[in-house]
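The file target.txt contains compact mmCIF, C-alpha atoms and all ligand atoms:
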# COMPACT_ATOMS: atom_id res chain seq x y z
CA MET M 1 -22.39 -14.99 -0.54
CA PRO M 2 -21.98 -11.20 -0.32
CA GLY M 3 -25.55 -10.05 -1.30
CA SER M 4 -26.10 -6.32 -0.82
CA ASP M 5 -23.27 -6.22 1.78
CA ILE M 6 -20.89 -6.13 -1.13
CA LEU M 7 -21.53 -2.38 -1.40
CA ASN M 8 -19.60 -2.04 1.87
CA ILE M 9 -16.38 -3.02 0.15
CA PHE M 10 -17.00 -0.78 -2.89
CA PRO M 11 -16.07 2.89 -2.41
CA ILE M 12 -18.05 4.99 0.06
CA GLY M 13 -21.12 6.37 -1.72
CA SER M 14 -21.65 3.24 -3.85
CA ASN M 15 -25.22 2.43 -4.64
CA VAL M 16 -27.52 0.48 -6.94
CA THR M 17 -29.66 2.44 -9.38
CA SER M 18 -33.32 1.59 -10.04
CA ASN M 19 -32.27 -0.36 -13.13
CA GLY M 20 -29.79 -2.50 -11.18
CA HIS M 21 -26.60 -0.65 -12.15
CA LEU M 22 -23.72 0.06 -9.78
CA SER M 23 -23.25 3.76 -9.15
CA ILE M 24 -20.46 5.52 -7.28
CA SER M 25 -20.61 9.18 -6.41
CA ASN M 26 -23.87 9.29 -8.46
CA ILE M 27 -22.08 8.09 -11.59
CA ASP M 28 -23.40 5.05 -13.44
CA ILE M 29 -20.28 2.87 -13.56
CA ALA M 30 -21.48 0.83 -16.55
CA GLU M 31 -21.98 4.01 -18.59
CA LEU M 32 -18.57 5.28 -17.55
CA ALA M 33 -16.82 1.99 -18.39
CA THR M 34 -18.60 1.85 -21.75
CA GLU M 35 -17.46 5.39 -22.53
CA ARG M 36 -13.86 4.98 -21.36
CA GLY M 37 -13.27 1.32 -22.31
CA THR M 38 -12.11 -1.61 -20.21
CA PRO M 39 -10.17 -2.64 -18.24
CA LEU M 40 -10.79 0.56 -16.34
CA TYR M 41 -9.64 1.46 -12.84
CA ILE M 42 -11.98 3.85 -11.07
CA PHE M 43 -10.92 5.71 -7.91
CA ASP M 44 -13.21 7.72 -5.68
CA GLU M 45 -11.79 10.93 -4.22
CA ASN M 46 -14.26 11.08 -1.35
CA THR M 47 -13.24 7.59 -0.17
CA ILE M 48 -9.55 8.50 -0.31
CA ARG M 49 -10.04 11.71 1.66
CA THR M 50 -12.44 10.15 4.18
CA THR M 51 -10.09 7.24 4.87
CA ALA M 52 -7.04 9.49 5.20
CA LYS M 53 -8.95 11.78 7.57
CA ARG M 54 -10.09 8.81 9.65
CA PHE M 55 -6.53 7.48 10.09
CA LYS M 56 -5.32 10.96 10.94
CA LYS M 57 -8.03 11.53 13.51
CA ALA M 58 -7.71 8.03 15.01
CA PHE M 59 -4.03 8.55 15.76
CA SER M 60 -3.98 12.27 16.55
CA ASP M 61 -6.89 11.87 19.02
CA ARG M 62 -4.69 9.42 20.92
CA TYR M 63 -1.18 10.81 20.49
CA SER M 64 0.02 14.39 20.48
CA ASP M 65 2.77 14.28 17.87
CA VAL M 66 1.90 12.01 14.96
CA GLN M 67 2.47 12.05 11.21
CA ILE M 68 0.53 9.84 8.80
CA VAL M 69 2.74 8.79 5.91
CA TYR M 70 1.17 7.22 2.81
CA ALA M 71 3.14 4.25 1.47
CA CYS M 72 3.37 5.21 -2.21
CA LYS M 73 4.14 1.65 -3.27
CA ALA M 74 0.42 0.85 -2.82
CA TRP M 75 -0.15 3.17 -5.80
CA SER M 76 1.82 6.27 -6.58
CA ASN M 77 -0.09 8.50 -8.96
CA VAL M 78 0.53 12.26 -9.04
CA ALA M 79 -3.16 13.18 -8.60
CA ILE M 80 -3.55 10.79 -5.67
CA LEU M 81 -0.41 12.10 -3.95
CA GLN M 82 -1.66 15.67 -4.31
CA ILE M 83 -4.98 14.77 -2.67
CA LEU M 84 -3.23 13.01 0.20
CA ALA M 85 -0.82 15.92 0.67
CA GLU M 86 -3.88 18.21 0.96
CA GLU M 87 -5.04 15.92 3.75
CA GLY M 88 -1.71 16.51 5.50
CA LEU M 89 -0.10 13.14 4.78
CA GLY M 90 3.59 12.61 4.14
CA PHE M 91 5.01 9.91 1.84
CA ASP M 92 6.94 6.68 2.17
CA VAL M 93 8.97 6.17 -1.01
CA VAL M 94 11.17 3.24 -1.96
CA SER M 95 13.00 4.32 -5.09
CA GLY M 96 14.51 7.32 -6.84
CA GLU M 97 11.54 7.13 -9.19
CA GLU M 98 9.06 7.45 -6.33
CA ILE M 99 11.02 10.46 -5.08
CA SER M 100 10.64 11.91 -8.58
CA THR M 101 6.89 11.20 -8.47
CA VAL M 102 6.53 13.20 -5.25
CA GLU M 103 8.53 15.99 -6.93
CA ALA M 104 6.33 15.76 -10.04
CA ALA M 105 3.33 16.32 -7.78
CA GLU M 106 5.13 19.54 -6.72
CA LEU M 107 5.10 18.52 -3.09
CA ASN M 108 7.56 19.42 -0.40
CA LEU M 109 9.76 16.44 0.47
CA ASP M 110 10.26 17.26 4.13
CA LYS M 111 7.57 14.74 5.15
CA THR M 112 8.98 12.06 2.85
CA PHE M 113 10.60 8.91 4.26
CA PHE M 114 12.97 7.10 1.92
CA HIS M 115 12.87 3.31 2.41
CA GLY M 116 14.38 0.34 0.61
CA ASN M 117 16.69 -2.58 1.33
CA ASN M 118 19.15 -1.80 -1.49
CA LYS M 119 19.20 1.92 -2.16
CA SER M 120 21.85 2.80 -4.71
CA ARG M 121 24.44 5.50 -4.22
CA SER M 122 22.75 7.62 -6.89
CA GLU M 123 19.35 7.20 -5.21
CA LEU M 124 20.85 8.28 -1.89
CA LEU M 125 22.41 11.31 -3.58
CA GLN M 126 19.08 12.13 -5.25
CA ALA M 127 17.30 11.86 -1.88
CA VAL M 128 19.82 14.03 -0.05
CA VAL M 129 19.86 16.73 -2.74
CA ALA M 130 16.06 16.69 -3.05
CA GLY M 131 15.75 17.27 0.68
CA VAL M 132 13.97 14.07 1.67
CA GLY M 133 12.89 14.41 5.32
CA ARG M 134 14.17 11.07 6.59
CA ILE M 135 16.25 8.30 5.10
CA VAL M 136 15.27 5.04 6.73
CA VAL M 137 18.57 3.18 6.80
CA ASP M 138 18.18 -0.55 6.28
CA ASN M 139 21.73 -1.89 6.64
CA SER M 140 25.35 -1.05 7.35
CA TYR M 141 26.41 -0.94 3.68
CA GLU M 142 23.78 1.72 3.05
CA LEU M 143 24.97 3.72 6.05
CA ASP M 144 28.50 3.77 4.56
CA LEU M 145 27.20 4.87 1.14
CA LEU M 146 25.16 7.60 2.77
CA GLU M 147 28.17 8.80 4.77
CA GLU M 148 30.19 9.07 1.53
CA VAL M 149 27.41 10.97 -0.22
CA LEU M 150 27.05 13.39 2.71
CA GLN M 151 30.79 13.98 2.95
CA GLU M 152 31.01 14.70 -0.77
CA THR M 153 28.09 17.08 -0.74
CA ASN M 154 28.97 18.49 2.68
CA ARG M 155 25.44 17.98 3.95
CA THR M 156 23.78 16.42 6.94
CA GLN M 157 20.83 14.01 6.89
CA GLU M 158 18.34 12.92 9.52
CA ILE M 159 17.77 9.18 9.53
CA LEU M 160 15.75 6.42 11.16
CA PHE M 161 17.05 2.87 11.53
CA ARG M 162 14.79 0.17 10.14
CA VAL M 163 15.25 -2.57 12.68
CA SER M 164 14.05 -6.11 12.37
CA PRO M 165 12.33 -7.02 15.63
CA GLY M 166 11.94 -10.70 14.76
CA VAL M 167 8.15 -10.79 15.09
CA ASP M 168 5.90 -12.82 12.80
CA PRO M 169 2.70 -10.89 11.94
CA HIS M 170 0.97 -14.05 10.61
CA THR M 171 0.31 -12.80 7.12
CA HIS M 172 1.36 -14.25 3.74
CA GLN M 173 4.96 -15.49 3.82
CA LYS M 174 5.78 -13.33 0.76
CA THR M 175 4.60 -10.19 2.52
CA THR M 176 6.23 -10.87 5.90
CA THR M 177 9.13 -8.50 6.52
CA GLY M 178 9.89 -8.10 10.23
CA VAL M 179 11.20 -11.60 10.99
CA LEU M 180 14.91 -12.40 11.37
CA ASP M 181 15.04 -14.34 8.09
CA SER M 182 14.18 -11.36 5.86
CA LYS M 183 16.05 -9.18 3.38
CA PHE M 184 14.61 -6.14 5.18
CA GLY M 185 15.87 -4.42 8.28
CA ILE M 186 18.72 -4.55 10.77
CA PRO M 187 18.33 -7.45 13.18
CA ILE M 188 18.18 -6.51 16.84
CA GLU M 189 18.73 -10.07 17.97
CA THR M 190 22.14 -10.55 16.29
CA GLY M 191 23.65 -7.35 17.68
CA GLU M 192 23.76 -5.77 14.21
CA ALA M 193 21.34 -2.99 15.16
CA GLU M 194 23.49 -1.93 18.09
CA LYS M 195 26.63 -1.81 15.92
CA ILE M 196 25.00 0.39 13.28
CA ILE M 197 23.65 2.83 15.87
CA VAL M 198 27.10 3.24 17.42
CA LYS M 199 28.61 3.77 13.96
CA ALA M 200 25.99 6.35 12.97
CA MET M 201 26.41 8.25 16.23
CA GLU M 202 30.10 8.74 15.42
CA SER M 203 29.30 10.48 12.13
CA ASP M 204 29.38 14.27 11.75
CA HIS M 205 26.91 14.10 8.87
CA ILE M 206 24.34 11.53 9.89
CA ILE M 207 21.77 12.54 12.49
CA PRO M 208 20.07 9.49 14.02
CA LYS M 209 16.50 10.37 15.01
CA GLY M 210 14.95 7.06 15.91
CA LEU M 211 13.73 3.58 15.09
CA HIS M 212 11.38 2.11 12.53
CA PHE M 213 10.07 -1.36 11.75
CA HIS M 214 7.56 -2.76 9.31
CA LEU M 215 6.26 -6.22 10.08
CA GLY M 216 4.47 -7.14 6.86
CA SER M 217 1.08 -6.71 5.29
CA PRO M 218 -1.85 -7.08 5.70
CA ILE M 219 -1.80 -7.62 9.47
CA PHE M 220 -5.18 -8.57 10.91
CA GLU M 221 -3.91 -9.11 14.46
CA LEU M 222 -2.99 -6.48 17.02
CA SER M 223 -0.59 -8.53 19.12
CA PRO M 224 2.30 -8.48 16.59
CA TYR M 225 2.35 -4.66 16.78
CA LYS M 226 2.33 -4.79 20.60
CA LYS M 227 5.10 -7.38 20.73
CA ALA M 228 7.31 -5.65 18.18
CA ILE M 229 6.89 -2.24 19.86
CA GLU M 230 7.94 -3.81 23.15
CA ILE M 231 11.07 -5.27 21.54
CA ALA M 232 11.93 -1.98 19.80
CA PHE M 233 11.41 0.13 22.93
CA ASP M 234 13.33 -2.29 25.10
CA PHE M 235 16.17 -2.04 22.58
CA ALA M 236 15.91 1.77 22.55
CA SER M 237 16.16 1.81 26.33
CA LYS M 238 19.28 -0.38 26.26
CA MET M 239 20.83 1.84 23.59
CA LYS M 240 20.10 4.91 25.69
CA GLN M 241 21.81 3.40 28.71
CA ALA M 242 24.76 1.97 26.78
CA HIS M 243 25.41 4.73 24.23
CA GLY M 244 23.24 7.73 25.02
CA PHE M 245 21.07 7.07 21.95
CA ILE M 246 17.78 8.98 22.21
CA MET M 247 14.81 7.65 20.24
CA GLU M 248 13.18 10.98 19.36
CA GLU M 249 11.08 9.38 16.63
CA PHE M 250 9.45 6.01 16.15
CA SER M 251 7.45 4.29 13.40
CA PRO M 252 5.76 0.88 13.49
CA GLY M 253 5.42 1.05 9.68
CA GLY M 254 2.18 0.15 7.93
CA GLY M 255 0.47 -3.14 7.20
CA PHE M 256 -3.00 -2.22 8.44
CA ALA M 257 -5.52 -4.57 6.88
CA SER M 258 -8.44 -3.53 4.70
CA LYS M 259 -11.44 -5.53 3.56
CA TYR M 260 -11.20 -7.46 0.30
CA LEU M 261 -14.00 -9.86 1.15
CA VAL M 262 -17.29 -9.00 2.78
CA SER M 263 -16.46 -11.61 5.44
CA ASP M 264 -13.02 -10.15 6.28
CA GLN M 265 -12.73 -9.09 9.92
CA VAL M 266 -10.51 -6.02 9.92
CA PRO M 267 -9.64 -3.89 12.96
CA ASP M 268 -10.81 -0.28 12.61
CA PRO M 269 -8.11 2.43 12.41
CA GLU M 270 -9.14 3.48 15.94
CA VAL M 271 -8.39 -0.02 17.22
CA TYR M 272 -4.93 -0.09 15.62
CA ALA M 273 -4.36 3.40 17.02
CA ASP M 274 -5.44 2.38 20.54
CA THR M 275 -3.11 -0.60 20.52
CA ILE M 276 -0.09 1.27 19.17
CA CYS M 277 -0.47 4.50 21.16
CA ASN M 278 -1.27 2.77 24.49
CA GLN M 279 1.64 0.40 24.10
CA ILE M 280 4.04 3.28 23.37
CA ARG M 281 2.79 5.28 26.35
CA ASP M 282 2.97 2.31 28.74
CA LEU M 283 6.48 1.41 27.64
CA CYS M 284 7.71 4.98 27.91
CA VAL M 285 6.57 5.02 31.52
CA SER M 286 8.00 1.62 32.44
CA LEU M 287 11.31 2.19 30.64
CA ASP M 288 11.63 5.85 31.57
CA LEU M 289 11.77 7.06 27.95
CA GLU M 290 10.50 10.34 26.50
CA LEU M 291 7.46 9.91 24.23
CA PRO M 292 8.87 9.82 20.70
CA LYS M 293 7.30 11.59 17.72
CA LEU M 294 5.21 8.90 16.00
CA SER M 295 4.75 8.21 12.31
CA ILE M 296 2.70 5.44 10.73
CA GLU M 297 2.79 4.30 7.12
CA PRO M 298 -0.54 2.98 5.82
CA GLY M 299 -0.65 2.20 2.11
CA ARG M 300 -3.23 -0.49 1.37
CA SER M 301 -5.65 0.70 4.04
CA ILE M 302 -5.76 4.21 2.52
CA ILE M 303 -6.23 3.36 -1.15
CA SER M 304 -7.60 -0.19 -1.42
CA ARG M 305 -11.34 0.49 -0.98
CA ALA M 306 -11.17 3.69 -3.04
CA GLY M 307 -10.37 1.77 -6.25
CA ILE M 308 -12.35 -0.70 -8.34
CA ALA M 309 -11.39 -2.53 -11.52
CA VAL M 310 -13.98 -2.90 -14.29
CA TYR M 311 -13.56 -5.56 -16.96
CA ARG M 312 -15.63 -6.84 -19.86
CA THR M 313 -16.41 -10.53 -20.02
CA GLY M 314 -15.58 -12.52 -23.15
CA VAL M 315 -15.25 -16.26 -23.59
CA ILE M 316 -17.24 -18.48 -21.26
CA LYS M 317 -15.85 -22.00 -21.13
CA GLU M 318 -17.94 -24.70 -19.48
CA ILE M 319 -16.19 -27.91 -18.48
CA PRO M 320 -19.11 -30.06 -17.33
CA GLY M 321 -18.71 -31.35 -13.81
CA ILE M 322 -15.45 -29.46 -13.37
CA ARG M 323 -15.57 -25.66 -13.72
CA THR M 324 -16.86 -22.72 -15.74
CA TYR M 325 -14.25 -20.17 -16.74
CA VAL M 326 -15.41 -16.64 -17.48
CA SER M 327 -12.57 -14.75 -19.12
CA VAL M 328 -12.26 -10.99 -18.85
CA ASP M 329 -10.21 -8.47 -20.85
CA GLY M 330 -7.65 -7.87 -18.07
CA GLY M 331 -6.09 -10.07 -15.42
CA MET M 332 -2.60 -10.59 -14.04
CA GLY M 333 -1.21 -7.75 -16.17
CA ASP M 334 -3.19 -5.23 -14.11
CA ASN M 335 -3.61 -7.25 -10.90
CA ILE M 336 -1.01 -9.87 -10.13
CA ARG M 337 -1.95 -10.26 -6.45
CA PRO M 338 -4.12 -13.39 -6.84
CA ALA M 339 -1.33 -15.07 -8.85
CA ILE M 340 1.54 -14.30 -6.47
CA TYR M 341 -0.13 -14.03 -3.07
CA ASP M 342 -3.22 -16.15 -3.63
CA SER M 343 -5.24 -13.02 -2.80
CA LYS M 344 -9.00 -13.29 -2.75
CA TYR M 345 -11.49 -10.80 -4.17
CA GLU M 346 -15.24 -10.46 -4.61
CA ALA M 347 -16.83 -9.62 -7.98
CA ALA M 348 -20.08 -8.16 -9.27
CA LEU M 349 -21.85 -7.89 -12.62
CA ILE M 350 -22.45 -4.16 -12.52
CA THR M 351 -25.58 -4.02 -14.67
CA ARG M 352 -27.26 -6.82 -12.72
CA MET M 353 -26.64 -5.81 -9.12
CA GLY M 354 -28.89 -7.63 -6.66
CA GLU M 355 -29.84 -10.37 -9.13
CA GLU M 356 -29.88 -13.85 -7.72
CA GLU M 357 -26.54 -15.66 -7.85
CA THR M 358 -27.11 -18.92 -9.68
CA LYS M 359 -23.78 -19.97 -11.09
CA ILE M 360 -20.36 -20.70 -9.61
CA VAL M 361 -17.71 -19.43 -12.01
CA THR M 362 -13.99 -18.80 -12.07
CA ILE M 363 -13.03 -15.39 -13.38
CA SER M 364 -9.92 -15.76 -15.48
CA GLY M 365 -7.78 -13.14 -17.16
CA LYS M 366 -6.67 -12.90 -20.79
CA TYR M 367 -2.97 -13.51 -20.19
CA CYS M 368 -1.10 -16.52 -21.41
CA GLU M 369 -0.71 -18.22 -18.01
CA SER M 370 -2.93 -20.82 -16.36
CA GLY M 371 -2.31 -18.98 -13.09
CA ASP M 372 -4.02 -15.89 -14.49
CA ILE M 373 -7.13 -16.30 -12.34
CA LEU M 374 -8.67 -13.26 -10.66
CA VAL M 375 -11.40 -14.93 -8.61
CA LYS M 376 -11.85 -18.67 -8.17
CA ASP M 377 -15.17 -20.49 -7.73
CA TYR M 378 -17.38 -17.50 -7.15
CA ASN M 379 -21.16 -17.33 -7.14
CA LEU M 380 -22.63 -14.82 -9.63
CA PRO M 381 -25.83 -14.35 -11.64
CA ALA M 382 -24.99 -16.59 -14.62
CA PRO M 383 -22.65 -14.34 -16.65
CA HIS M 384 -22.89 -13.77 -20.42
CA PRO M 385 -20.15 -12.75 -22.79
CA ASN M 386 -19.75 -8.99 -23.26
CA GLU M 387 -20.98 -7.74 -19.93
CA LEU M 388 -19.32 -5.59 -17.33
CA LEU M 389 -17.81 -7.10 -14.21
CA ALA M 390 -16.24 -5.15 -11.36
CA ILE M 391 -13.77 -6.22 -8.71
CA PRO M 392 -13.98 -4.03 -5.61
CA ALA M 393 -11.10 -3.17 -3.28
CA SER M 394 -8.68 -3.02 -6.20
CA GLY M 395 -7.00 0.27 -5.36
CA ALA M 396 -3.84 -1.08 -3.70
CA TYR M 397 -0.96 -3.04 -5.20
CA SER M 398 -2.83 -3.77 -8.44
CA LEU M 399 -2.03 -0.95 -10.90
CA ALA M 400 1.07 -0.33 -8.77
CA MET M 401 2.36 -3.79 -9.74
CA ALA M 402 0.94 -3.80 -13.30
CA SER M 403 3.11 -5.07 -16.14
CA ASN M 404 3.19 -5.11 -19.92
CA TYR M 405 3.14 -8.90 -20.03
CA ASN M 406 2.01 -10.17 -23.44
CA SER M 407 2.81 -6.63 -24.69
CA SER M 408 -0.45 -5.57 -23.12
CA ARG M 409 -1.23 -1.92 -22.47
CA LYS M 410 -1.75 -0.84 -18.89
CA PRO M 411 -5.30 0.41 -18.25
CA GLU M 412 -6.68 3.89 -17.81
CA ALA M 413 -7.47 5.17 -14.32
CA VAL M 414 -10.12 7.78 -13.61
CA LEU M 415 -10.93 9.69 -10.45
CA LEU M 416 -14.53 10.39 -9.43
CA LYS M 417 -15.48 13.50 -7.59
CA GLU M 418 -18.96 14.84 -6.90
CA GLY M 419 -20.66 13.27 -9.89
CA ALA M 420 -17.84 13.98 -12.38
CA PHE M 421 -14.70 12.14 -13.42
CA ARG M 422 -11.24 12.98 -14.71
CA VAL M 423 -8.56 10.76 -16.18
CA ILE M 424 -5.58 10.49 -13.80
CA ARG M 425 -3.64 7.94 -15.81
CA ARG M 426 -4.12 7.51 -19.52
CA ARG M 427 -4.43 4.12 -21.13
CA GLU M 428 -1.15 3.04 -22.72
CA THR M 429 -0.99 2.86 -26.50
CA ILE M 430 0.80 0.39 -28.73
CA GLU M 431 3.29 3.19 -29.45
CA ASP M 432 4.04 3.34 -25.72
CA ILE M 433 4.76 -0.38 -25.76
CA LEU M 434 6.97 -0.32 -28.85
CA LYS M 435 8.94 2.83 -28.15
CA PHE M 436 11.57 1.07 -26.03
CA ASP M 437 12.48 -1.49 -28.68
CA VAL M 438 15.57 -0.39 -30.56
CA VAL M 439 15.56 -1.65 -34.13
C1 LIG M 501 8.37 0.13 5.10
C2 LIG M 501 6.97 -0.04 4.70
N1 LIG M 501 6.05 0.81 5.20
C3 LIG M 501 4.75 0.72 4.85
C4 LIG M 501 4.31 -0.23 3.96
C5 LIG M 501 2.86 -0.24 3.58
O1 LIG M 501 2.19 -1.38 3.89
P1 LIG M 501 0.61 -1.39 3.70
O2 LIG M 501 0.32 -0.99 2.31
O3 LIG M 501 0.19 -2.76 3.98
O4 LIG M 501 0.06 -0.43 4.70
C6 LIG M 501 5.22 -1.16 3.43
C7 LIG M 501 4.76 -2.20 2.49
O5 LIG M 501 5.48 -2.97 1.95
C8 LIG M 501 6.58 -1.04 3.80
O6 LIG M 501 7.49 -1.86 3.29
Could I get this structure in the form of structure tokens?
Amino acid sequence: MPGSDILNIFPIGSNVTSNGHLSISNIDIAELATERGTPLYIFDENTIRTTAKRFKKAFSDRYSDVQIVYACKAWSNVAILQILAEEGLGFDVVSGEEISTVEAAELNLDKTFFHGNNKSRSELLQAVVAGVGRIVVDNSYELDLLEEVLQETNRTQEILFRVSPGVDPHTHQKTTTGVLDSKFGIPIETGEAEKIIVKAMESDHIIPKGLHFHLGSPIFELSPYKKAIEIAFDFASKMKQAHGFIMEEFSPGGGFASKYLVSDQVPDPEVYADTICNQIRDLCVSLDLELPKLSIEPGRSIISRAGIAVYRTGVIKEIPGIRTYVSVDGGMGDNIRPAIYDSKYEAALITRMGEEETKIVTISGKYCESGDILVKDYNLPAPHPNELLAIPASGAYSLAMASNYNSSRKPEAVLLKEGAFRVIRRRETIEDILKFDVV
């Protein structure tokens, strides 16, 4: 039962007005949602900046050379990227289209890291020509494609190797990436990582700068980071001795958890930073390695709390003795996480904040799937049709994974700043939906 604690998972500066309405940045969210329509995604600029600053400070207080890189896949919107660039963040991109988004935001690409397990030749060419700072090479086939592209264009490119350390971060199986049985990364354990390093070091065009791994997401434990860093640094030391490979740069990826539920126990950025930076320093001493330049790639933990989704309730279906379904005007089309990862969220009726919770309901979407459930068996003040319901901590991997299922239109997103709002993504129209059909 979240009670008033629920405000702690809404954006910073969330409050309840005297008439029981949710407000963020002094804006009455019910009034805003009524004006703009639902489903509506609302992002708070202050929360984004504050969180980015906190990550930056946590790591740079503990490590001299560190770059925070926002994982765009969590949500890549031009306005958001511009704000994060102002805060000094770089970008982790995973497609040619995300490279184009960074370009559309008119940002320099030198702090951009290009990831992906199956980058195409044309994406690699796009990245090289655009001047992407680092290509994070995921496999040997990609290294060969990159070599061809660089020879043809007569360019050089600095790269990191995404290694697979074989460490289980104990998160959802579908979001686990750093184990041996994964499509991502070059396994250390099979000898593949050594082979690719040797091959890259022979190239005149490829400049190996260091190692990267990403274990999965969200990771609530600290020990997987410690273990995986130990494996990566031990490997780096062996590669130095065997081949003269110098790990000038290192990244333990992202995956830092953020609170979806009031009861979630999430390490603070400072705690992640302590663990990662101390482990790197200790290993550099024991293995006689130079301290590498560090980059980290938070996505979810930067944007999740900053965003909320607001829906309008519709049909309420009571099945006596079984369940009450409260359907809303969005669902898996704008947030597929509960359906594919079994993700859990809290919810609030935003014109009745603080009212006693008297009814356990299941909040279902409007899409034509039984699995289209946003929140299961949740205690609320008994909801009525046609009222506003918000789901906090909706900023990450919701709109980013939105679809047009059932020919639905993706929602509008607005950004709040100092008591005002601006639209940062317009609601799709039926013309948007139909324009790709060729008759
Ligand atoms: C390589 C890489 N870095 C960073 C991230 C971001 O993870 P999170 O949003 O959990 O911080 C991901 C997520 O898939 C990733 O694949």
Residues within 6 Å of ligand LIG 501 (chain M) (all atoms listed in the file), as a short mmCIF file (atom, residue, chain, number, x, y, z; two decimals) with C-alpha atoms, in the coordinates of the input?
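The resulting file, selection-v1.cif, is reproduced below:
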data_model
loop_
_atom_site.label_atom_id
_atom_site.label_comp_id
_atom_site.auth_asym_id
_atom_site.auth_seq_id
_atom_site.Cartn_x
_atom_site.Cartn_y
_atom_site.Cartn_z
CA ALA M 71 3.14 4.25 1.47
CA ALA M 74 0.42 0.85 -2.82
CA HIS M 214 7.56 -2.76 9.31
CA SER M 217 1.08 -6.71 5.29
CA PRO M 218 -1.85 -7.08 5.70
CA GLY M 253 5.42 1.05 9.68
CA GLY M 254 2.18 0.15 7.93
CA GLY M 255 0.47 -3.14 7.20
CA PHE M 256 -3.00 -2.22 8.44
CA GLU M 297 2.79 4.30 7.12
CA PRO M 298 -0.54 2.98 5.82
CA GLY M 299 -0.65 2.20 2.11
CA ARG M 300 -3.23 -0.49 1.37
CA SER M 301 -5.65 0.70 4.04
#
- Task: Determine, counting all atoms listed in the file, which protein, DNA and RNA residues have an atom within 9 Å of an atom of M:Arg54; residues of the same chain fewer than 5 positions away are not included. Present the result as JSON, numbers by chain.
- Result: {"M": [49, 59, 269, 270]}
When you look at M:Cys72 with a cut-off of 10 Å (counting only C-alpha atoms), what residues show up, excluding the ones that are within fewer than 2 positions of it in the same chain? I need them as a short mmCIF file (atom, residue, chain, number, x, y, z; two decimals) with C-alpha atoms, in the coordinates of the input.
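Saved the output as selection.cif:
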data_model
loop_
_atom_site.label_atom_id
_atom_site.label_comp_id
_atom_site.auth_asym_id
_atom_site.auth_seq_id
_atom_site.Cartn_x
_atom_site.Cartn_y
_atom_site.Cartn_z
CA VAL M 69 2.74 8.79 5.91
CA TYR M 70 1.17 7.22 2.81
CA ALA M 74 0.42 0.85 -2.82
CA TRP M 75 -0.15 3.17 -5.80
CA SER M 76 1.82 6.27 -6.58
CA ASN M 77 -0.09 8.50 -8.96
CA ILE M 80 -3.55 10.79 -5.67
CA LEU M 81 -0.41 12.10 -3.95
CA GLY M 90 3.59 12.61 4.14
CA PHE M 91 5.01 9.91 1.84
CA ASP M 92 6.94 6.68 2.17
CA VAL M 93 8.97 6.17 -1.01
CA VAL M 94 11.17 3.24 -1.96
CA GLU M 98 9.06 7.45 -6.33
CA ILE M 99 11.02 10.46 -5.08
CA THR M 101 6.89 11.20 -8.47
CA VAL M 102 6.53 13.20 -5.25
CA GLU M 297 2.79 4.30 7.12
CA PRO M 298 -0.54 2.98 5.82
CA GLY M 299 -0.65 2.20 2.11
CA ARG M 300 -3.23 -0.49 1.37
CA ILE M 303 -6.23 3.36 -1.15
CA ALA M 396 -3.84 -1.08 -3.70
CA TYR M 397 -0.96 -3.04 -5.20
CA ALA M 400 1.07 -0.33 -8.77
#
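Compared by their closest atoms to M:Asp144, and using only C-alpha atoms, the residues M:Val179, M:Leu287, M:Ala200, M:Ile336 rank with M:Ala200 nearest.
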- If we count all atoms listed in the file, what is near M:Glu142 at a cut-off of 12 Å, once residues fewer than 4 positions away on the same chain are taken out, given as a list of chain:residue names? M:His115, M:Gly116, M:Asn117, M:Asn118, M:Lys119, M:Ser120, M:Arg121, M:Ser122, M:Glu123, M:Leu124, M:Leu125, M:Ile135, M:Val136, M:Val137, M:Asp138, M:Leu146, M:Glu147, M:Glu148, M:Val149, M:Ile159, M:Phe161, M:Arg162, M:Gly185, M:Ile186, M:Ile196, M:Ala200, M:Ile206
Starting from 8 Å padding per side, set up an axis-aligned box that covers all listed atoms of stretch 156-168 of chain M and hand over centre and edge lengths in Å, one decimal, as AutoDock Vina command-line options.
--center_x 14.8 --center_y 1.8 --center_z 11.3 --size_x 33.9 --size_y 45.2 --size_z 24.7
- Task: Take atom CA of M:Ile391 and atom CA of M:Ala309 and report the distance between them in Å, one decimal.
- Result: 5.2 Å
- Pull the neighbourhood of (1.9, 19.6, -4.4) for me: all residues within 9 Å in file coordinates, counting all atoms listed in the file, as a PyMOL selection string. chain M and resi 78+81-83+85-86+102-108
- Task: Give as JSON, numbers by chain each residue that has an atom at most 12 Å from (17.5, 14.9, 10.5) in the file, counting all atoms listed in the file.
- Result: {"M": [110, 111, 112, 113, 128, 131, 132, 133, 134, 135, 136, 155, 156, 157, 158, 159, 160, 204, 205, 206, 207, 208, 209, 210, 248, 249]}
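When only C-alpha atoms are used to compute distances to M:Lys183, the closest of the residues M:Asn406, M:Asn386, M:Asn154, M:Ser164 turns out to be M:Ser164.
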- Task: With a distance cut-off of 10 Å and only C-alpha atoms, select the neighbouring residues of stretch 362-376 of chain M, excluding the residue or stretch itself and same-chain residues fewer than 5 positions from it, and output the selection as a PyMOL selection string.
- Result: chain M and resi 311+313-317+323-340+342-347+389+391+405-406+408
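Take the candidates M:Asp234, M:Ser407, M:Ala242, M:Glu412 and check each one against M:Ile430 using only C-alpha atoms; the shortest distance goes to M:Ser407.
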